[in-house]
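**Student:** Below is my_file-v7.pdb; it holds PDB, C-alpha atoms.
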ATOM      1  CA  MET A 299      81.288 188.339  35.687
ATOM      2  CA  ALA A 300      77.713 187.789  36.814
ATOM      3  CA  ASN A 301      77.461 185.545  39.849
ATOM      4  CA  PRO A 302      74.982 182.733  39.026
ATOM      5  CA  LEU A 303      73.653 182.772  42.641
ATOM      6  CA  ARG A 304      72.835 179.070  42.439
ATOM      7  CA  GLY A 305      75.055 177.628  45.186
ATOM      8  CA  VAL A 306      78.431 178.242  46.811
ATOM      9  CA  GLU A 307      80.317 175.352  45.199
ATOM     10  CA  TYR A 308      78.621 175.776  41.804
ATOM     11  CA  ASP A 309      79.248 179.515  41.729
ATOM     12  CA  ALA A 310      82.872 179.116  42.863
ATOM     13  CA  ARG A 311      83.562 176.625  40.076
ATOM     14  CA  TYR A 312      82.030 179.096  37.602
ATOM     15  CA  LEU A 313      84.395 181.733  38.951
ATOM     16  CA  ASP A 314      87.336 179.334  38.660
ATOM     17  CA  ASP A 315      86.546 178.825  34.975
ATOM     18  CA  THR A 316      86.702 182.577  34.461
ATOM     19  CA  LEU A 317      89.968 182.912  36.401
ATOM     20  CA  ARG A 318      91.675 180.256  34.319
ATOM     21  CA  ALA A 319      91.127 182.437  31.251
ATOM     22  CA  ILE A 320      92.934 185.415  32.832
ATOM     23  CA  ASP A 321      96.682 185.942  32.661
ATOM     24  CA  GLY A 322      98.386 187.921  35.381
ATOM     25  CA  PRO A 323      97.496 188.873  38.955
ATOM     26  CA  VAL A 324      93.857 189.175  40.025
ATOM     27  CA  VAL A 325      91.980 190.952  42.812
ATOM     28  CA  LEU A 326      88.656 189.283  43.566
ATOM     29  CA  VAL A 327      85.819 191.487  44.809
ATOM     30  CA  GLY A 328      82.640 190.026  46.283
ATOM     31  CA  HIS A 329      79.451 191.677  47.512
ATOM     32  CA  SER A 330      77.129 190.078  50.080
ATOM     33  CA  TYR A 331      76.744 186.347  49.286
ATOM     34  CA  GLY A 332      79.504 186.843  46.700
ATOM     35  CA  GLY A 333      81.958 186.923  49.585
ATOM     36  CA  LEU A 334      81.389 183.204  50.098
ATOM     37  CA  VAL A 335      82.102 182.629  46.419
ATOM     38  CA  ILE A 336      85.441 184.467  46.338
ATOM     39  CA  GLY A 337      86.411 182.760  49.585
ATOM     40  CA  GLU A 338      85.606 179.357  48.099
ATOM     41  CA  ALA A 339      87.260 179.695  44.698
ATOM     42  CA  ALA A 340      89.892 176.980  44.347
ATOM     43  CA  ASP A 341      91.920 178.912  41.775
ATOM     44  CA  THR A 342      93.024 181.421  44.419
ATOM     45  CA  GLY A 343      96.383 179.724  44.819
ATOM     46  CA  ARG A 344      97.287 180.386  41.182
ATOM     47  CA  HIS A 345      97.281 184.140  40.762
ATOM     48  CA  VAL A 346      94.663 185.765  42.994
ATOM     49  CA  ARG A 347      96.602 188.280  45.087
ATOM     50  CA  ALA A 348      93.856 189.890  47.185
ATOM     51  CA  LEU A 349      90.229 189.556  48.248
ATOM     52  CA  VAL A 350      87.934 192.547  48.769
ATOM     53  CA  PHE A 351      84.745 191.987  50.746
ATOM     54  CA  VAL A 352      82.141 194.672  50.033
ATOM     55  CA  SER A 353      79.370 194.310  52.631
ATOM     56  CA  ALA A 354      80.142 190.629  52.203
ATOM     57  CA  PHE A 355      80.394 187.336  54.030
ATOM     58  CA  ALA A 356      83.876 186.004  54.771
ATOM     59  CA  ALA A 357      82.811 182.539  55.904
ATOM     60  CA  ASP A 358      84.918 179.980  57.687
ATOM     61  CA  VAL A 359      84.623 176.317  56.754
ATOM     62  CA  GLY A 360      81.183 175.036  57.736
ATOM     63  CA  GLU A 361      79.583 178.468  58.029
ATOM     64  CA  THR A 362      76.731 179.660  55.817
ATOM     65  CA  ALA A 363      75.378 183.037  54.818
ATOM     66  CA  ALA A 364      72.273 182.302  56.875
ATOM     67  CA  SER A 365      74.197 181.311  59.998
ATOM     68  CA  LEU A 366      76.464 184.341  59.843
ATOM     69  CA  SER A 367      73.656 186.832  59.224
ATOM     70  CA  SER A 368      71.906 185.546  62.352
ATOM     71  CA  LYS A 369      75.045 185.393  64.481
ATOM     72  CA  ASP A 370      74.188 188.790  66.007
ATOM     73  CA  PRO A 371      70.841 190.593  66.045
ATOM     74  CA  GLY A 372      70.170 193.285  63.477
ATOM     75  CA  SER A 373      69.343 191.654  60.157
ATOM     76  CA  THR A 374      65.799 192.340  58.961
ATOM     77  CA  LEU A 375      66.174 190.554  55.625
ATOM     78  CA  GLY A 376      63.844 187.678  56.460
ATOM     79  CA  SER A 377      60.825 189.923  56.944
ATOM     80  CA  ALA A 378      61.600 191.833  53.725
ATOM     81  CA  LEU A 379      61.557 188.806  51.413
ATOM     82  CA  ALA A 380      58.835 188.379  48.810
ATOM     83  CA  LYS A 381      56.967 185.099  48.351
ATOM     84  CA  PRO A 382      59.527 182.431  47.345
ATOM     85  CA  VAL A 383      59.455 181.270  43.725
ATOM     86  CA  PRO A 384      59.435 177.459  43.348
ATOM     87  CA  LEU A 385      62.096 175.986  41.071
ATOM     88  CA  TYR A 386      61.717 173.063  38.705
ATOM     89  CA  GLY A 387      63.331 170.108  40.423
ATOM     90  CA  GLY A 388      62.927 171.514  43.924
ATOM     91  CA  GLY A 389      64.071 174.433  45.993
ATOM     92  CA  VAL A 390      63.091 178.080  45.719
ATOM     93  CA  ASP A 391      64.444 181.395  44.503
ATOM     94  CA  LEU A 392      64.407 184.328  46.890
ATOM     95  CA  TYR A 393      63.817 188.016  46.147
ATOM     96  CA  VAL A 394      63.462 191.069  48.350
ATOM     97  CA  GLY A 395      59.990 192.586  48.011
ATOM     98  CA  ASN A 396      59.815 195.679  45.812
ATOM     99  CA  VAL A 397      58.219 197.776  48.560
ATOM    100  CA  PRO A 398      60.687 197.016  51.376
ATOM    101  CA  PHE A 399      63.710 196.846  49.050
ATOM    102  CA  PRO A 400      64.792 200.513  49.279
ATOM    103  CA  GLY A 401      64.833 200.570  53.071
ATOM    104  CA  GLN A 402      66.216 197.069  53.418
ATOM    105  CA  PHE A 403      68.926 197.150  50.785
ATOM    106  CA  ALA A 404      69.568 200.702  49.720
ATOM    107  CA  ALA A 405      68.508 203.217  52.368
ATOM    108  CA  ASP A 406      71.287 205.655  51.385
ATOM    109  CA  VAL A 407      70.547 205.526  47.643
ATOM    110  CA  LEU A 408      68.241 207.925  45.796
ATOM    111  CA  GLU A 409      64.671 206.618  45.889
ATOM    112  CA  GLU A 410      64.343 206.380  42.099
ATOM    113  CA  GLU A 411      67.569 204.409  41.783
ATOM    114  CA  ALA A 412      66.634 202.097  44.653
ATOM    115  CA  ALA A 413      63.261 201.400  43.015
ATOM    116  CA  LEU A 414      65.035 200.467  39.766
ATOM    117  CA  MET A 415      67.403 198.198  41.682
ATOM    118  CA  ALA A 416      64.386 196.471  43.235
ATOM    119  CA  VAL A 417      62.812 195.496  39.917
ATOM    120  CA  ALA A 418      66.162 194.559  38.349
ATOM    121  CA  GLN A 419      67.390 192.367  41.210
ATOM    122  CA  ARG A 420      68.493 188.815  40.451
ATOM    123  CA  PRO A 421      67.329 185.957  42.692
ATOM    124  CA  VAL A 422      69.460 183.779  44.922
ATOM    125  CA  THR A 423      68.452 180.249  45.804
ATOM    126  CA  GLU A 424      67.511 179.507  49.386
ATOM    127  CA  ALA A 425      69.873 176.546  49.182
ATOM    128  CA  ALA A 426      72.809 178.850  48.368
ATOM    129  CA  LEU A 427      72.263 180.849  51.549
ATOM    130  CA  ASN A 428      72.278 177.635  53.570
ATOM    131  CA  GLU A 429      75.201 175.904  51.841
ATOM    132  CA  PRO A 430      78.296 175.694  54.071
ATOM    133  CA  ALA A 431      81.645 177.011  52.927
ATOM    134  CA  ARG A 432      84.225 174.338  52.114
ATOM    135  CA  ARG A 433      87.193 176.697  51.942
ATOM    136  CA  ALA A 434      88.204 179.970  53.585
ATOM    137  CA  ARG A 435      90.736 181.547  51.239
ATOM    138  CA  TRP A 436      90.910 184.704  53.374
ATOM    139  CA  LYS A 437      93.115 182.682  55.723
ATOM    140  CA  SER A 438      95.915 182.677  53.163
ATOM    141  CA  VAL A 439      95.125 185.589  50.836
ATOM    142  CA  PRO A 440      95.346 189.253  51.983
ATOM    143  CA  SER A 441      91.860 190.703  52.493
ATOM    144  CA  TRP A 442      90.227 194.115  52.592
ATOM    145  CA  PHE A 443      86.753 194.945  53.918
ATOM    146  CA  ILE A 444      84.394 197.854  53.317
ATOM    147  CA  TYR A 445      80.833 198.075  54.628
ATOM    148  CA  GLY A 446      78.255 200.415  56.125
ATOM    149  CA  ASP A 447      77.342 200.736  59.781
ATOM    150  CA  ALA A 448      73.631 200.813  58.842
ATOM    151  CA  ASP A 449      73.576 197.542  56.892
ATOM    152  CA  ARG A 450      70.227 195.792  57.448
ATOM    153  CA  ASN A 451      71.134 192.553  55.676
ATOM    154  CA  ILE A 452      74.343 191.594  57.461
ATOM    155  CA  PRO A 453      74.661 193.090  60.965
ATOM    156  CA  PRO A 454      77.608 195.524  61.062
ATOM    157  CA  SER A 455      78.898 193.752  64.172
ATOM    158  CA  VAL A 456      79.158 190.527  62.145
ATOM    159  CA  LEU A 457      80.921 192.332  59.303
ATOM    160  CA  GLY A 458      83.403 193.728  61.828
ATOM    161  CA  PHE A 459      83.871 190.304  63.376
ATOM    162  CA  MET A 460      84.693 188.779  59.996
ATOM    163  CA  ALA A 461      87.151 191.563  59.158
ATOM    164  CA  ALA A 462      88.942 191.117  62.481
ATOM    165  CA  ARG A 463      89.010 187.340  62.118
ATOM    166  CA  ALA A 464      90.544 187.664  58.654
ATOM    167  CA  ASN A 465      93.220 190.062  59.954
ATOM    168  CA  ALA A 466      92.076 192.507  57.289
ATOM    169  CA  ARG A 467      94.806 194.621  55.722
ATOM    170  CA  GLY A 468      92.224 197.389  55.441
ATOM    171  CA  GLU A 469      88.782 197.956  56.965
ATOM    172  CA  VAL A 470      86.556 200.867  55.985
ATOM    173  CA  VAL A 471      83.281 201.427  57.847
ATOM    174  CA  ILE A 472      81.005 203.961  56.167
ATOM    175  CA  GLU A 473      78.801 205.940  58.520
ATOM    176  CA  GLY A 474      75.169 205.501  57.518
ATOM    177  CA  GLY A 475      76.143 203.102  54.756
ATOM    178  CA  SER A 476      73.556 200.572  53.572
ATOM    179  CA  HIS A 477      74.085 197.104  52.126
ATOM    180  CA  VAL A 478      74.966 198.569  48.713
ATOM    181  CA  VAL A 479      77.862 200.900  49.531
ATOM    182  CA  MET A 480      79.283 200.241  46.063
ATOM    183  CA  VAL A 481      76.275 202.184  44.734
ATOM    184  CA  SER A 482      76.023 204.884  47.395
ATOM    185  CA  HIS A 483      79.782 205.341  47.880
ATOM    186  CA  PRO A 484      81.464 204.075  44.699
ATOM    187  CA  ASP A 485      84.489 206.315  45.250
ATOM    188  CA  LEU A 486      85.333 204.716  48.596
ATOM    189  CA  VAL A 487      84.786 201.208  47.284
ATOM    190  CA  ALA A 488      86.969 201.888  44.245
ATOM    191  CA  LYS A 489      89.650 203.352  46.506
ATOM    192  CA  THR A 490      89.601 200.188  48.634
ATOM    193  CA  ILE A 491      89.949 197.958  45.559
ATOM    194  CA  ILE A 492      92.832 200.048  44.245
ATOM    195  CA  GLU A 493      94.525 199.877  47.649
ATOM    196  CA  ALA A 494      94.180 196.103  47.636
ATOM    197  CA  ALA A 495      95.606 195.870  44.118
ATOM    198  CA  SER A 496      98.506 198.153  45.003
ATOM    199  CA  ASN A 497      99.484 196.517  48.283
ATOM    200  CA  ALA A 498      98.752 192.821  47.823
ATOM    201  CA  GLU A 499     101.798 190.588  47.759
TER     202      GLU A 499
END
Could you spell out this file's structure in structure tokens?

**Tutor:**
Amino acid sequence: MANPLRGVEYDARYLDDTLRAIDGPVVLVGHSYGGLVIGEAADTGRHVRALVFVSAFAADVGETAASLSSKDPGSTLGSALAKPVPLYGGGVDLYVGNVPFPGQFAADVLEEEAALMAVAQRPVTEAALNEPARRARWKSVPSWFIYGDADRNIPPSVLGFMAARANARGEVVIEGGSHVVMVSHPDLVAKTIIEAASNAE
């Protein structure tokens, strides 16, 4: 499913609607801000057996994407953002600038592919990045983490902190990996998801 990227609670409810239409066990996978969404989803107690955080936030109650990304030094996302786009009714959408995008988001991806990713990116609201988590499903659902040690969006030290705090069943750190390891290292990400599906209770 496509994450609406409108707000943590809104996006989690959208995910819940999708989950209710699925029979059988589910492994939820979230990238970046999507980690807050899979950690928030209320339907987790029904049949979600595992959570996989791919370069993603695993927020505790009250934490936000913005607060976690600034917990340790290392994120350069703020300086890479393009001019915010005002929204009808208030608030703004955020994009990464096309020029800094490859280095900021996808430094280990072929230049042509990174350039395409830049122009095809979907916006996230500023409000979503500052909306606190209301639930932390990783406290009760087995979790796996995979991320790169060269992530410029979420400091690798913060990603490691979240994995340790969640008592991750598996943690894969990719040397030189950017924020989009699912693009640069799809084999390792797929392997992590399969491991989660095979070993979740």

**Student:** Could you tell me which of A:Leu379, A:Leu408, A:Ala319, A:Val352 comes closest to A:Pro421 if we count only C-alpha atoms?

**Tutor:**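 Of A:Leu379, A:Leu408, A:Ala319, A:Val352, the one nearest A:Pro421 is A:Leu379, counting only C-alpha atoms.
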
**Student:** Atom CA of A:Asn451 to atom CA of A:Trp436: how many Å, to one decimal?

**Tutor:**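 Separating atom CA of A:Asn451 from atom CA of A:Trp436 is a distance of 21.4 Å.
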
**Student:** Distance atom CA of A:Arg311-atom CA of A:Ser476, one decimal place?

**Tutor:**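 Separation between atom CA of A:Arg311 and atom CA of A:Ser476: 29.3 Å.
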
**Student:** Using all atoms listed in the file, which of the listed residues (A:Val397, A:Ala412, A:Phe351, A:Val383) sits closest to A:Glu469?

**Tutor:**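 The closest residue to A:Glu469 is A:Phe351.
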
**Student:** Just how far from atom CA of A:Leu375 is atom CA of A:Ile336, in Å to one decimal?

**Tutor:** 22.2 Å

**Student:** Here is a test: counting only C-alpha atoms, which residue of A:Ser441, A:Ser330, A:Thr490, A:Ser482 is nearest to A:Ala405?

**Tutor:**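 Closest to A:Ala405 of all the choices is A:Ser482.
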
**Student:** Hey, which of A:Thr423, A:Ser367, A:Asn428, A:Ser496 ends up closest to A:Phe459? Count all atoms listed in the file.

**Tutor:**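 Counting all atoms listed in the file, the residue closest to A:Phe459 is A:Ser367.
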
**Student:** To test your reading of the syntax: which residues would the PyMOL selection byres ((chain A and resi 322) around 9) return for the file shown? Reply as a PyMOL selection string.

**Tutor:** chain A and resi 320-321+323-324+345-346

**Student:** Considering only C-alpha atoms, return as a ChimeraX atom specification whatever protein or nucleic-acid residues lie within 12 Å of A:Leu366, sequence-local ones (same chain, fewer than 2 positions apart) excluded.

**Tutor:** /A:330-331,333-334,354-364,368-373,427-431,451-460

**Student:** Which residues fall under the PyMOL selection byres ((chain A and resi 398) around 10) in this file, as a ChimeraX atom specification?

**Tutor:** /A:375,377-380,394-397,399-404,413,416

**Student:** As AutoDock Vina command-line options, please: the centre and edge lengths in Å, to one decimal, of an axis-aligned box enclosing every listed atom of stretch 355-360 of chain A with 3 Å added on each side.

**Tutor:**
--center_x 82.7 --center_y 181.2 --center_z 55.9 --size_x 10.5 --size_y 18.3 --size_z 9.7

**Student:** Any chance you could work out the residue set of the PyMOL selection byres ((chain A and resi 303) around 8) here, as number ranges by chain?

**Tutor:** A: 301-302, 304-306, 309, 421-423, 426

**Student:** Take the residues that were just selected and, keeping C-alpha atoms, output them as a CSV table (one decimal), in the coordinates of the input.

**Tutor:**
chain,number,residue,atom,x,y,z
A,301,ASN,CA,77.5,185.5,39.8
A,302,PRO,CA,75.0,182.7,39.0
A,304,ARG,CA,72.8,179.1,42.4
A,305,GLY,CA,75.1,177.6,45.2
A,306,VAL,CA,78.4,178.2,46.8
A,309,ASP,CA,79.2,179.5,41.7
A,421,PRO,CA,67.3,186.0,42.7
A,422,VAL,CA,69.5,183.8,44.9
A,423,THR,CA,68.5,180.2,45.8
A,426,ALA,CA,72.8,178.8,48.4

**Student:** Mind listing as a ChimeraX atom specification all residues within 12 Å of (93.3, 197.2, 48.3), counting all atoms listed in the file?

**Tutor:** /A:324-327,347-352,440-444,466-470,486-499

**Student:** Restricting the output to C-alpha atoms, write the selected residues as a PDB file, in the coordinates of the input.

**Tutor:**
ATOM      1  CA  VAL A 324      93.857 189.175  40.025  1.00  0.00           C
ATOM      2  CA  VAL A 325      91.980 190.952  42.812  1.00  0.00           C
ATOM      3  CA  LEU A 326      88.656 189.283  43.566  1.00  0.00           C
ATOM      4  CA  VAL A 327      85.819 191.487  44.809  1.00  0.00           C
ATOM      5  CA  ARG A 347      96.602 188.280  45.087  1.00  0.00           C
ATOM      6  CA  ALA A 348      93.856 189.890  47.185  1.00  0.00           C
ATOM      7  CA  LEU A 349      90.229 189.556  48.248  1.00  0.00           C
ATOM      8  CA  VAL A 350      87.934 192.547  48.769  1.00  0.00           C
ATOM      9  CA  PHE A 351      84.745 191.987  50.746  1.00  0.00           C
ATOM     10  CA  VAL A 352      82.141 194.672  50.033  1.00  0.00           C
ATOM     11  CA  PRO A 440      95.346 189.253  51.983  1.00  0.00           C
ATOM     12  CA  SER A 441      91.860 190.703  52.493  1.00  0.00           C
ATOM     13  CA  TRP A 442      90.227 194.115  52.592  1.00  0.00           C
ATOM     14  CA  PHE A 443      86.753 194.945  53.918  1.00  0.00           C
ATOM     15  CA  ILE A 444      84.394 197.854  53.317  1.00  0.00           C
ATOM     16  CA  ALA A 466      92.076 192.507  57.289  1.00  0.00           C
ATOM     17  CA  ARG A 467      94.806 194.621  55.722  1.00  0.00           C
ATOM     18  CA  GLY A 468      92.224 197.389  55.441  1.00  0.00           C
ATOM     19  CA  GLU A 469      88.782 197.956  56.965  1.00  0.00           C
ATOM     20  CA  VAL A 470      86.556 200.867  55.985  1.00  0.00           C
ATOM     21  CA  LEU A 486      85.333 204.716  48.596  1.00  0.00           C
ATOM     22  CA  VAL A 487      84.786 201.208  47.284  1.00  0.00           C
ATOM     23  CA  ALA A 488      86.969 201.888  44.245  1.00  0.00           C
ATOM     24  CA  LYS A 489      89.650 203.352  46.506  1.00  0.00           C
ATOM     25  CA  THR A 490      89.601 200.188  48.634  1.00  0.00           C
ATOM     26  CA  ILE A 491      89.949 197.958  45.559  1.00  0.00           C
ATOM     27  CA  ILE A 492      92.832 200.048  44.245  1.00  0.00           C
ATOM     28  CA  GLU A 493      94.525 199.877  47.649  1.00  0.00           C
ATOM     29  CA  ALA A 494      94.180 196.103  47.636  1.00  0.00           C
ATOM     30  CA  ALA A 495      95.606 195.870  44.118  1.00  0.00           C
ATOM     31  CA  SER A 496      98.506 198.153  45.003  1.00  0.00           C
ATOM     32  CA  ASN A 497      99.484 196.517  48.283  1.00  0.00           C
ATOM     33  CA  ALA A 498      98.752 192.821  47.823  1.00  0.00           C
ATOM     34  CA  GLU A 499     101.798 190.588  47.759  1.00  0.00           C
TER      35      GLU A 499
END
